[in-house]
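First the structure, in the form of structure tokens, and then the observations on it.
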Amino acid sequence: MDMEQKIAAAHEQFDKVIRSQLARVERMAEQKDFIDYDKLDKLTIGVCGGDGIGPVITKESARVLEYLLDDEVKSGKVEFKVIDGLTIEHRAEVGKAIPDDVLEELKQCPVILKGPTTTPRAGDPWPNIESANVAMRKELDLFANVRPVKVPEKGIDWTFYRENTEGAYALGSQGVHVTDDLSVDFTVTTTEGTERIARLAYEYAHKAKKGKVSIITKANVVKTTDGKFLKLCQEIGKEYPDIVTDDWYIDITTAKLIDEKRRRDFKVFILPNLYGDIITDEAAEFQGGVGTAGSANIGKRYAMFEAIHGSAPRMVAEGRDKYADPCSMLRATVMLLSHIGRQEKADLLEQALDICMFKEKKLVITGRDNGATCREFGDYVMETIKALQEQK
Ligand code: IPM
Ligand code: MG
């Protein structure tokens with residue numbers, strides 16, 4: 001290919017991604033209200049173990065969830081659907097982020113509990129396919145990634161609203177190597193995509209009386225997309241007079257989270273996708289690491305609950321998967337229960353986790369054989385739930 005042909009090929013790719021994003025904008029505009037779980041005859045909850053440490057930690061969450069919803073399964077209000085096949089082996093075999101049959105099954109479940117999945121990158125033994133997480137968020141339009149981090153004794157009580165379908169992730173697998181020397185990626189911000197995440201964050205801040213929302217961008221440098229994101233979030237903020245809005249750049253935000261005097265002032269954050277990804281790992285570290293942090297991926301029709309971390313292939317390679325920490329998935333299960341309106345059950349599980357992780361700590365997970373196994377910790381949580389139920 002000569003240079004002109006290379007430029008033409010890049011144009012062609014740009015044309016393709018612009019058209020696909022414009023079609024997405026149309027689809028977003030057509031979306032109606034949020035699903036009402038109470039109106040369903042039966043709520044199907046998909047349980048998808050993923051790969052790496054995924055199946056090990058998901059098993060403990062599924063066990064707790066099945067126990068807590070047992071009466072509703074018996075009365076026919078709730079059913080569980082186990083979804084296999086989201087393993088890296090299967091995805092690599094069919095060359096797709098989510099194999100078609102798995103996607104079909106996922107779409108039958110308005111609510112999904114999902115274990116981590118391995119995300120390939122160039123040089124891995126796997127084909128460099130798109131992340132299953134990212135694909136699922138896009139396919140099911142799970143636009144809000146909600147990630148709470150709490151360390152009560154340090155005054156930390158943060159809730160991150162990470163935009164989950166746009167930003168650097170929207171076309172993360174569709175960049176262009178224009179020539180051997182020039183590569184270009186795309187970042188996407190849409191009006192609807194920004195307004196819907198901002199509205200969800202402000203609604204939460206309003207209902208939970210948080211009093212403050214911080215918008216995090218790098219709008220001084222990434223002027224077009226981050227600039228738009230900041231402006232639209234601020235506009236939505238004006239509709240909430242009970243909430244103080246401030247805005248910070250992502251770089252200084254990473255610093256201020258370490259500043260013990262300032263960090264308590266933060267309450268609710270709204271962030272574009274990539275900044276949200278980065279900063280929630282940092283934030284989780286204050287709480288005991290990513291292994292302790294759950295996350296909700298909320299859309300209008302579907303909701304998916306998962307750990308904030310990846311599949312830890314290193315732990316599996318070193319034979320340590322049985323020592324993986326199930327707390328991230330268990331925290332995600334608290335969010336799931338709360339999201340489907342089973343608040344009492346969510347509170348019960350949360351209380352049990354606070355006892356096991358912070359107050360009583362009869363067992364400690366270290367990720368190695370000097371700590372408890374995932375199963376043992378799951379047993380501990382189950383016993384604690386049952387003890388709490390007996391006290392009532
Ligand atoms: C997360 C993860 C994912 C992401 C990976 C596994 C693709 O880091 O959920 O934060 O980047 O979003
Ligand atoms: Mg991440």
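Residues are named by chain letter and number: chains run A, B, ... in the order of the structure tokens, numbers start at 1 in each chain, and ligands are numbered from 1 in the order shown.
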Could you produce a table of the residues of chain A lying within 10 Å of ligand 1, with the nearest pair of atoms per residue and their separation in Å rounded to one decimal, using only C-alpha atoms and all ligand atoms, ordered by chain and increasing residue number, as JSON lines?
{"residue": "A:Pro116", "atom": "CA", "partner": "ligand 1", "partner_atom_place_in_ligand_line": "6 (C)", "distance": 7.2}
{"residue": "A:Thr117", "atom": "CA", "partner": "ligand 1", "partner_atom_place_in_ligand_line": "6 (C)", "distance": 6.8}
{"residue": "A:Thr118", "atom": "CA", "partner": "ligand 1", "partner_atom_place_in_ligand_line": "6 (C)", "distance": 6.9}
{"residue": "A:Thr119", "atom": "CA", "partner": "ligand 1", "partner_atom_place_in_ligand_line": "6 (C)", "distance": 5.8}
{"residue": "A:Pro120", "atom": "CA", "partner": "ligand 1", "partner_atom_place_in_ligand_line": "7 (C)", "distance": 9.1}
{"residue": "A:Glu130", "atom": "CA", "partner": "ligand 1", "partner_atom_place_in_ligand_line": "7 (C)", "distance": 8.5}
{"residue": "A:Ser131", "atom": "CA", "partner": "ligand 1", "partner_atom_place_in_ligand_line": "7 (C)", "distance": 5.4}
{"residue": "A:Ala132", "atom": "CA", "partner": "ligand 1", "partner_atom_place_in_ligand_line": "7 (C)", "distance": 7.3}
{"residue": "A:Asn133", "atom": "CA", "partner": "ligand 1", "partner_atom_place_in_ligand_line": "7 (C)", "distance": 5.6}
{"residue": "A:Val134", "atom": "CA", "partner": "ligand 1", "partner_atom_place_in_ligand_line": "7 (C)", "distance": 5.8}
{"residue": "A:Ala135", "atom": "CA", "partner": "ligand 1", "partner_atom_place_in_ligand_line": "7 (C)", "distance": 9.1}
{"residue": "A:Arg137", "atom": "CA", "partner": "ligand 1", "partner_atom_place_in_ligand_line": "12 (O)", "distance": 9.2}
{"residue": "A:Asn145", "atom": "CA", "partner": "ligand 1", "partner_atom_place_in_ligand_line": "9 (O)", "distance": 8.5}
{"residue": "A:Arg147", "atom": "CA", "partner": "ligand 1", "partner_atom_place_in_ligand_line": "10 (O)", "distance": 9.6}
{"residue": "A:Arg162", "atom": "CA", "partner": "ligand 1", "partner_atom_place_in_ligand_line": "10 (O)", "distance": 9.6}
{"residue": "A:Asn164", "atom": "CA", "partner": "ligand 1", "partner_atom_place_in_ligand_line": "12 (O)", "distance": 7.8}
{"residue": "A:Thr165", "atom": "CA", "partner": "ligand 1", "partner_atom_place_in_ligand_line": "12 (O)", "distance": 9.8}
{"residue": "A:Tyr169", "atom": "CA", "partner": "ligand 1", "partner_atom_place_in_ligand_line": "11 (O)", "distance": 8.1}
{"residue": "A:Asn273", "atom": "CA", "partner": "ligand 1", "partner_atom_place_in_ligand_line": "12 (O)", "distance": 7.7}
{"residue": "A:Leu274", "atom": "CA", "partner": "ligand 1", "partner_atom_place_in_ligand_line": "11 (O)", "distance": 7.3}
{"residue": "A:Tyr275", "atom": "CA", "partner": "ligand 1", "partner_atom_place_in_ligand_line": "11 (O)", "distance": 10.0}
{"residue": "A:Gly276", "atom": "CA", "partner": "ligand 1", "partner_atom_place_in_ligand_line": "10 (O)", "distance": 7.9}
{"residue": "A:Asp277", "atom": "CA", "partner": "ligand 1", "partner_atom_place_in_ligand_line": "10 (O)", "distance": 4.7}
{"residue": "A:Ile278", "atom": "CA", "partner": "ligand 1", "partner_atom_place_in_ligand_line": "10 (O)", "distance": 7.4}
{"residue": "A:Ile279", "atom": "CA", "partner": "ligand 1", "partner_atom_place_in_ligand_line": "10 (O)", "distance": 9.3}
{"residue": "A:Thr280", "atom": "CA", "partner": "ligand 1", "partner_atom_place_in_ligand_line": "10 (O)", "distance": 7.5}
{"residue": "A:Asp281", "atom": "CA", "partner": "ligand 1", "partner_atom_place_in_ligand_line": "10 (O)", "distance": 7.4}
{"residue": "A:Val290", "atom": "CA", "partner": "ligand 1", "partner_atom_place_in_ligand_line": "10 (O)", "distance": 9.6}
{"residue": "A:Gly294", "atom": "CA", "partner": "ligand 1", "partner_atom_place_in_ligand_line": "9 (O)", "distance": 9.7}
{"residue": "A:Ser295", "atom": "CA", "partner": "ligand 1", "partner_atom_place_in_ligand_line": "9 (O)", "distance": 8.1}
{"residue": "A:Ala296", "atom": "CA", "partner": "ligand 1", "partner_atom_place_in_ligand_line": "9 (O)", "distance": 9.9}
{"residue": "A:Asn297", "atom": "CA", "partner": "ligand 1", "partner_atom_place_in_ligand_line": "9 (O)", "distance": 9.4}
{"residue": "A:Glu306", "atom": "CA", "partner": "ligand 1", "partner_atom_place_in_ligand_line": "9 (O)", "distance": 8.0}
{"residue": "A:Ala307", "atom": "CA", "partner": "ligand 1", "partner_atom_place_in_ligand_line": "9 (O)", "distance": 7.3}
{"residue": "A:Ile308", "atom": "CA", "partner": "ligand 1", "partner_atom_place_in_ligand_line": "9 (O)", "distance": 4.8}
{"residue": "A:His309", "atom": "CA", "partner": "ligand 1", "partner_atom_place_in_ligand_line": "2 (C)", "distance": 5.5}
{"residue": "A:Gly310", "atom": "CA", "partner": "ligand 1", "partner_atom_place_in_ligand_line": "6 (C)", "distance": 4.9}
{"residue": "A:Ser311", "atom": "CA", "partner": "ligand 1", "partner_atom_place_in_ligand_line": "6 (C)", "distance": 7.8}
Suppose we keep C-alpha atoms; can you now write the selection as a PDB file, in the first residue's frame?
ATOM      1  CA  PRO A 116     -13.997 -11.966  36.251  1.00  0.00           C
ATOM      2  CA  THR A 117     -12.922 -12.845  32.713  1.00  0.00           C
ATOM      3  CA  THR A 118      -9.445 -12.751  31.204  1.00  0.00           C
ATOM      4  CA  THR A 119      -8.787  -9.805  28.903  1.00  0.00           C
ATOM      5  CA  PRO A 120      -6.173 -10.617  26.247  1.00  0.00           C
ATOM      6  CA  GLU A 130     -12.016  -7.493  22.869  1.00  0.00           C
ATOM      7  CA  SER A 131     -12.528  -7.809  26.625  1.00  0.00           C
ATOM      8  CA  ALA A 132     -15.648  -9.784  27.561  1.00  0.00           C
ATOM      9  CA  ASN A 133     -16.419  -7.203  30.281  1.00  0.00           C
ATOM     10  CA  VAL A 134     -16.269  -4.334  27.873  1.00  0.00           C
ATOM     11  CA  ALA A 135     -18.304  -6.210  25.264  1.00  0.00           C
ATOM     12  CA  ARG A 137     -21.283  -3.574  29.014  1.00  0.00           C
ATOM     13  CA  ASN A 145     -20.555   1.387  36.607  1.00  0.00           C
ATOM     14  CA  ARG A 147     -18.397   1.373  42.649  1.00  0.00           C
ATOM     15  CA  ARG A 162     -18.059   5.546  36.089  1.00  0.00           C
ATOM     16  CA  ASN A 164     -19.269   2.474  31.205  1.00  0.00           C
ATOM     17  CA  THR A 165     -19.968   2.421  27.463  1.00  0.00           C
ATOM     18  CA  TYR A 169     -13.439   2.131  25.754  1.00  0.00           C
ATOM     19  CA  ASN A 273     -14.758   5.427  31.503  1.00  0.00           C
ATOM     20  CA  LEU A 274     -10.953   5.241  31.602  1.00  0.00           C
ATOM     21  CA  TYR A 275     -10.462   7.609  34.551  1.00  0.00           C
ATOM     22  CA  GLY A 276     -13.171   5.685  36.394  1.00  0.00           C
ATOM     23  CA  ASP A 277     -11.352   2.439  35.728  1.00  0.00           C
ATOM     24  CA  ILE A 278      -8.050   3.745  37.051  1.00  0.00           C
ATOM     25  CA  ILE A 279      -9.209   5.630  40.082  1.00  0.00           C
ATOM     26  CA  THR A 280     -11.525   2.942  41.421  1.00  0.00           C
ATOM     27  CA  ASP A 281      -8.582   0.546  41.747  1.00  0.00           C
ATOM     28  CA  VAL A 290      -9.472  -4.719  44.788  1.00  0.00           C
ATOM     29  CA  GLY A 294     -17.768  -5.015  44.212  1.00  0.00           C
ATOM     30  CA  SER A 295     -19.362  -3.181  41.360  1.00  0.00           C
ATOM     31  CA  ALA A 296     -22.740  -2.754  39.699  1.00  0.00           C
ATOM     32  CA  ASN A 297     -23.125  -2.280  35.958  1.00  0.00           C
ATOM     33  CA  GLU A 306     -19.136  -8.214  39.355  1.00  0.00           C
ATOM     34  CA  ALA A 307     -15.821  -7.756  41.137  1.00  0.00           C
ATOM     35  CA  ILE A 308     -13.847  -4.660  40.175  1.00  0.00           C
ATOM     36  CA  HIS A 309     -10.769  -6.736  39.438  1.00  0.00           C
ATOM     37  CA  GLY A 310      -9.651  -9.144  36.734  1.00  0.00           C
ATOM     38  CA  SER A 311      -9.320 -12.930  36.627  1.00  0.00           C
TER      39      SER A 311
END
Item to complete: Pick out the residues sitting within 10 Å of stretch 219-229 of chain A, and hand them over as a PyMOL selection string; count only C-alpha atoms, and ignore anything fewer than 3 positions along from it in its own chain.
Response: chain A and resi 167-168+187-191+193-195+198+215-216+232-234+247-250+270-272
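Nearest-residue note for ligand 2: choosing from A:Ala208, A:Ala352, A:Ala293, A:Val213, the minimum distance belongs to A:Ala293, counting only C-alpha atoms and all ligand atoms.
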Fill in: Who sits within 8 Å of stretch 332-346 of chain A, only C-alpha atoms, same chain under 2 positions skipped, as a list in words
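Near stretch 332-346 of chain A, the qualifying residues are Tyr37, Ser61, Leu65, Leu68, Val111, Leu113, Ala293, Gly294, Ser295, Ala296, Met304, Phe305, Glu306, Ala307, Ser328, Met329, Leu330, Leu348, Leu349 and Glu350 of chain A.
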For N, CA, C and O atoms, I'd like the residues from the last selection saved as a JSON list (two decimals), in the first residue's frame.
[["chain", "number", "residue", "atom", "x", "y", "z"],
["A", 37, "TYR", "N", -38.66, -4.61, 38.07],
["A", 37, "TYR", "CA", -38.57, -6.03, 38.42],
["A", 37, "TYR", "C", -39.86, -6.56, 39.03],
["A", 37, "TYR", "O", -40.19, -7.73, 38.87],
["A", 61, "SER", "N", -20.39, -16.57, 46.13],
["A", 61, "SER", "CA", -21.47, -15.57, 46.05],
["A", 61, "SER", "C", -22.78, -16.22, 45.66],
["A", 61, "SER", "O", -23.83, -15.89, 46.20],
["A", 65, "LEU", "N", -26.28, -16.14, 47.63],
["A", 65, "LEU", "CA", -27.46, -15.59, 46.96],
["A", 65, "LEU", "C", -28.59, -16.62, 46.91],
["A", 65, "LEU", "O", -29.76, -16.30, 47.18],
["A", 68, "LEU", "N", -30.11, -16.83, 50.33],
["A", 68, "LEU", "CA", -30.93, -15.68, 50.71],
["A", 68, "LEU", "C", -32.23, -15.56, 49.91],
["A", 68, "LEU", "O", -33.20, -15.00, 50.38],
["A", 111, "VAL", "N", -30.88, -9.78, 35.23],
["A", 111, "VAL", "CA", -29.88, -9.55, 36.28],
["A", 111, "VAL", "C", -28.82, -10.65, 36.18],
["A", 111, "VAL", "O", -29.16, -11.82, 36.02],
["A", 113, "LEU", "N", -25.00, -12.14, 37.71],
["A", 113, "LEU", "CA", -23.84, -12.14, 38.62],
["A", 113, "LEU", "C", -22.69, -12.74, 37.82],
["A", 113, "LEU", "O", -22.78, -13.88, 37.36],
["A", 293, "ALA", "N", -13.69, -5.21, 46.68],
["A", 293, "ALA", "CA", -14.59, -4.20, 46.09],
["A", 293, "ALA", "C", -15.49, -4.79, 45.01],
["A", 293, "ALA", "O", -15.03, -5.40, 44.05],
["A", 294, "GLY", "N", -16.78, -4.55, 45.19],
["A", 294, "GLY", "CA", -17.77, -5.01, 44.21],
["A", 294, "GLY", "C", -18.21, -3.87, 43.34],
["A", 294, "GLY", "O", -17.93, -2.70, 43.62],
["A", 295, "SER", "N", -18.94, -4.23, 42.28],
["A", 295, "SER", "CA", -19.36, -3.18, 41.36],
["A", 295, "SER", "C", -20.65, -3.57, 40.66],
["A", 295, "SER", "O", -20.92, -4.74, 40.41],
["A", 296, "ALA", "N", -21.47, -2.53, 40.40],
["A", 296, "ALA", "CA", -22.74, -2.75, 39.70],
["A", 296, "ALA", "C", -22.64, -2.11, 38.33],
["A", 296, "ALA", "O", -22.14, -1.00, 38.20],
["A", 304, "MET", "N", -25.69, -5.95, 35.66],
["A", 304, "MET", "CA", -24.71, -7.01, 35.89],
["A", 304, "MET", "C", -23.82, -6.63, 37.08],
["A", 304, "MET", "O", -23.43, -5.48, 37.23],
["A", 305, "PHE", "N", -23.53, -7.60, 37.90],
["A", 305, "PHE", "CA", -22.80, -7.34, 39.15],
["A", 305, "PHE", "C", -21.53, -8.18, 39.15],
["A", 305, "PHE", "O", -21.56, -9.37, 38.85],
["A", 306, "GLU", "N", -20.42, -7.53, 39.48],
["A", 306, "GLU", "CA", -19.14, -8.21, 39.35],
["A", 306, "GLU", "C", -18.13, -7.63, 40.32],
["A", 306, "GLU", "O", -18.37, -6.62, 40.98],
["A", 307, "ALA", "N", -16.96, -8.28, 40.38],
["A", 307, "ALA", "CA", -15.82, -7.76, 41.14],
["A", 307, "ALA", "C", -15.24, -6.59, 40.34],
["A", 307, "ALA", "O", -15.46, -6.50, 39.14],
["A", 328, "SER", "N", -15.01, -9.42, 46.99],
["A", 328, "SER", "CA", -15.42, -8.52, 45.91],
["A", 328, "SER", "C", -16.76, -8.99, 45.33],
["A", 328, "SER", "O", -17.69, -8.20, 45.14],
["A", 329, "MET", "N", -16.87, -10.28, 45.09],
["A", 329, "MET", "CA", -18.12, -10.82, 44.52],
["A", 329, "MET", "C", -19.25, -10.77, 45.55],
["A", 329, "MET", "O", -20.41, -10.56, 45.19],
["A", 330, "LEU", "N", -18.90, -10.96, 46.81],
["A", 330, "LEU", "CA", -19.94, -10.90, 47.84],
["A", 330, "LEU", "C", -20.45, -9.46, 48.01],
["A", 330, "LEU", "O", -21.65, -9.24, 48.20],
["A", 348, "LEU", "N", -28.57, -7.54, 55.40],
["A", 348, "LEU", "CA", -28.11, -8.70, 56.17],
["A", 348, "LEU", "C", -26.74, -9.18, 55.67],
["A", 348, "LEU", "O", -25.82, -9.40, 56.47],
["A", 349, "LEU", "N", -26.61, -9.30, 54.38],
["A", 349, "LEU", "CA", -25.33, -9.75, 53.82],
["A", 349, "LEU", "C", -24.24, -8.71, 54.09],
["A", 349, "LEU", "O", -23.11, -9.06, 54.44],
["A", 350, "GLU", "N", -24.58, -7.45, 53.96],
["A", 350, "GLU", "CA", -23.59, -6.40, 54.20],
["A", 350, "GLU", "C", -23.10, -6.44, 55.66],
["A", 350, "GLU", "O", -21.91, -6.35, 55.93]]
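Nearest residue to ligand 2 among A:Glu282, A:Asp265, A:Asp354, A:Glu66 is A:Glu282, counting only C-alpha atoms and all ligand atoms.
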Fill in: Backbone DSSP call of strand (DSSP E or B) for stretch 117-364 of chain A, listed as a PyMOL selection string
chain A and resi 144-151+156-163+167+176-177+183-184+188+212-217+244-249+268-271+294-298+303-307
Discussion item. DSSP on the backbone: which residues in stretch 185-285 of chain A end up as alpha helix (DSSP H)? Give the answer as a PyMOL selection string.
Written reply: chain A and resi 191-207+225-237+250-256+273-285
Worksheet item: Which one is closest to A:Arg368: A:Val316, A:Val149, A:Ala92, A:Ile156? Count only C-alpha atoms.
Response: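 So, comparing all the options, the nearest one is A:Val316.
Using only C-alpha atoms for every distance, the candidate list A:Asp101, A:Glu60, A:Glu79, A:Asp124 yields A:Glu60 as the residue closest to A:Phe377.
Going from atom CA of A:Lys114 over to atom CA of A:Ile365, you cover 21.1 Å.
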Worksheet item: In Å to one decimal, how far is atom CA of A:Gly52 from atom CA of A:Pro313?
Response: 5.2 Å
Worksheet entry | Top pick for closest residue to A:Phe266, considering A:Asp379, A:Asp157, A:Asp51, A:Asp71 and counting only C-alpha atoms |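 The answer is A:Asp157, which sits nearest to A:Phe266.
Shortest separation to A:Leu140 among A:Gly123, A:Gly95, A:Gly289, A:Pro110 occurs at residue A:Pro110, atoms counted being only C-alpha atoms.
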Item to complete: Would you mind reading off the distance between atom CA of A:Asp2 and atom CA of A:Phe186, one decimal, in Å?
Response: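 Spanning atom CA of A:Asp2 to atom CA of A:Phe186 is a straight-line distance of 23.7 Å.
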Item to complete: Excluding A:Arg263 and residues on its chain fewer than 3 positions from it, collect all residues at most 10 Å away from it, counting only C-alpha atoms, and give them as a ChimeraX atom specification.
Response: /A:154-158,253,255-260,266-267
Item to complete: Write out as a ChimeraX atom specification which residues come within 9 Å of A:Tyr323 when counting only C-alpha atoms, dropping same-chain ones fewer than 6 positions away.
Response: /A:315,365-369,371-375
Given the selection you just returned, output its residues as a file containing N, CA, C and O atoms, formatted as an mmCIF file, in the first residue's frame.
data_model
loop_
_atom_site.group_PDB
_atom_site.id
_atom_site.type_symbol
_atom_site.label_atom_id
_atom_site.label_comp_id
_atom_site.auth_asym_id
_atom_site.auth_seq_id
_atom_site.Cartn_x
_atom_site.Cartn_y
_atom_site.Cartn_z
ATOM 1 N N MET A 315 -2.533 -16.072 39.841
ATOM 2 C CA MET A 315 -2.911 -16.885 41.013
ATOM 3 C C MET A 315 -3.221 -18.316 40.581
ATOM 4 O O MET A 315 -2.856 -19.276 41.266
ATOM 5 N N ILE A 365 -8.131 -13.626 54.648
ATOM 6 C CA ILE A 365 -7.702 -14.052 53.317
ATOM 7 C C ILE A 365 -6.393 -13.342 52.987
ATOM 8 O O ILE A 365 -6.308 -12.120 53.122
ATOM 9 N N THR A 366 -5.390 -14.089 52.601
ATOM 10 C CA THR A 366 -4.124 -13.452 52.209
ATOM 11 C C THR A 366 -3.802 -13.707 50.738
ATOM 12 O O THR A 366 -2.842 -13.165 50.208
ATOM 13 N N GLY A 367 -4.581 -14.579 50.113
ATOM 14 C CA GLY A 367 -4.279 -14.946 48.731
ATOM 15 C C GLY A 367 -3.251 -16.072 48.659
ATOM 16 O O GLY A 367 -2.860 -16.505 47.570
ATOM 17 N N ARG A 368 -2.795 -16.518 49.834
ATOM 18 C CA ARG A 368 -1.774 -17.577 49.880
ATOM 19 C C ARG A 368 -2.144 -18.615 50.935
ATOM 20 O O ARG A 368 -3.109 -18.447 51.664
ATOM 21 N N ASP A 369 -1.294 -19.660 51.046
ATOM 22 C CA ASP A 369 -1.658 -20.744 51.959
ATOM 23 C C ASP A 369 -1.468 -20.384 53.434
ATOM 24 O O ASP A 369 -1.753 -21.190 54.315
ATOM 25 N N GLY A 371 -3.254 -18.069 54.635
ATOM 26 C CA GLY A 371 -4.566 -17.489 54.937
ATOM 27 C C GLY A 371 -5.664 -18.504 54.673
ATOM 28 O O GLY A 371 -5.403 -19.652 54.302
ATOM 29 N N ALA A 372 -6.903 -18.052 54.896
ATOM 30 C CA ALA A 372 -8.050 -18.945 54.685
ATOM 31 C C ALA A 372 -8.267 -19.187 53.192
ATOM 32 O O ALA A 372 -7.855 -18.378 52.355
ATOM 33 N N THR A 373 -8.932 -20.300 52.886
ATOM 34 C CA THR A 373 -9.317 -20.526 51.486
ATOM 35 C C THR A 373 -10.610 -19.763 51.215
ATOM 36 O O THR A 373 -11.323 -19.356 52.122
ATOM 37 N N CYS A 374 -10.878 -19.640 49.922
ATOM 38 C CA CYS A 374 -12.098 -18.961 49.475
ATOM 39 C C CYS A 374 -13.323 -19.687 50.047
ATOM 40 O O CYS A 374 -14.252 -19.058 50.549
ATOM 41 N N ARG A 375 -13.282 -20.993 49.987
ATOM 42 C CA ARG A 375 -14.396 -21.807 50.483
ATOM 43 C C ARG A 375 -14.606 -21.603 51.995
ATOM 44 O O ARG A 375 -15.721 -21.444 52.475
#
Fill in: A:Ile385 environment, 9 Å, only C-alpha atoms, sequence neighbours closer than 2 positions dropped, as a VMD selection string
chain A and resid 64 348 to 349 351 to 353 380 to 383 387 to 390
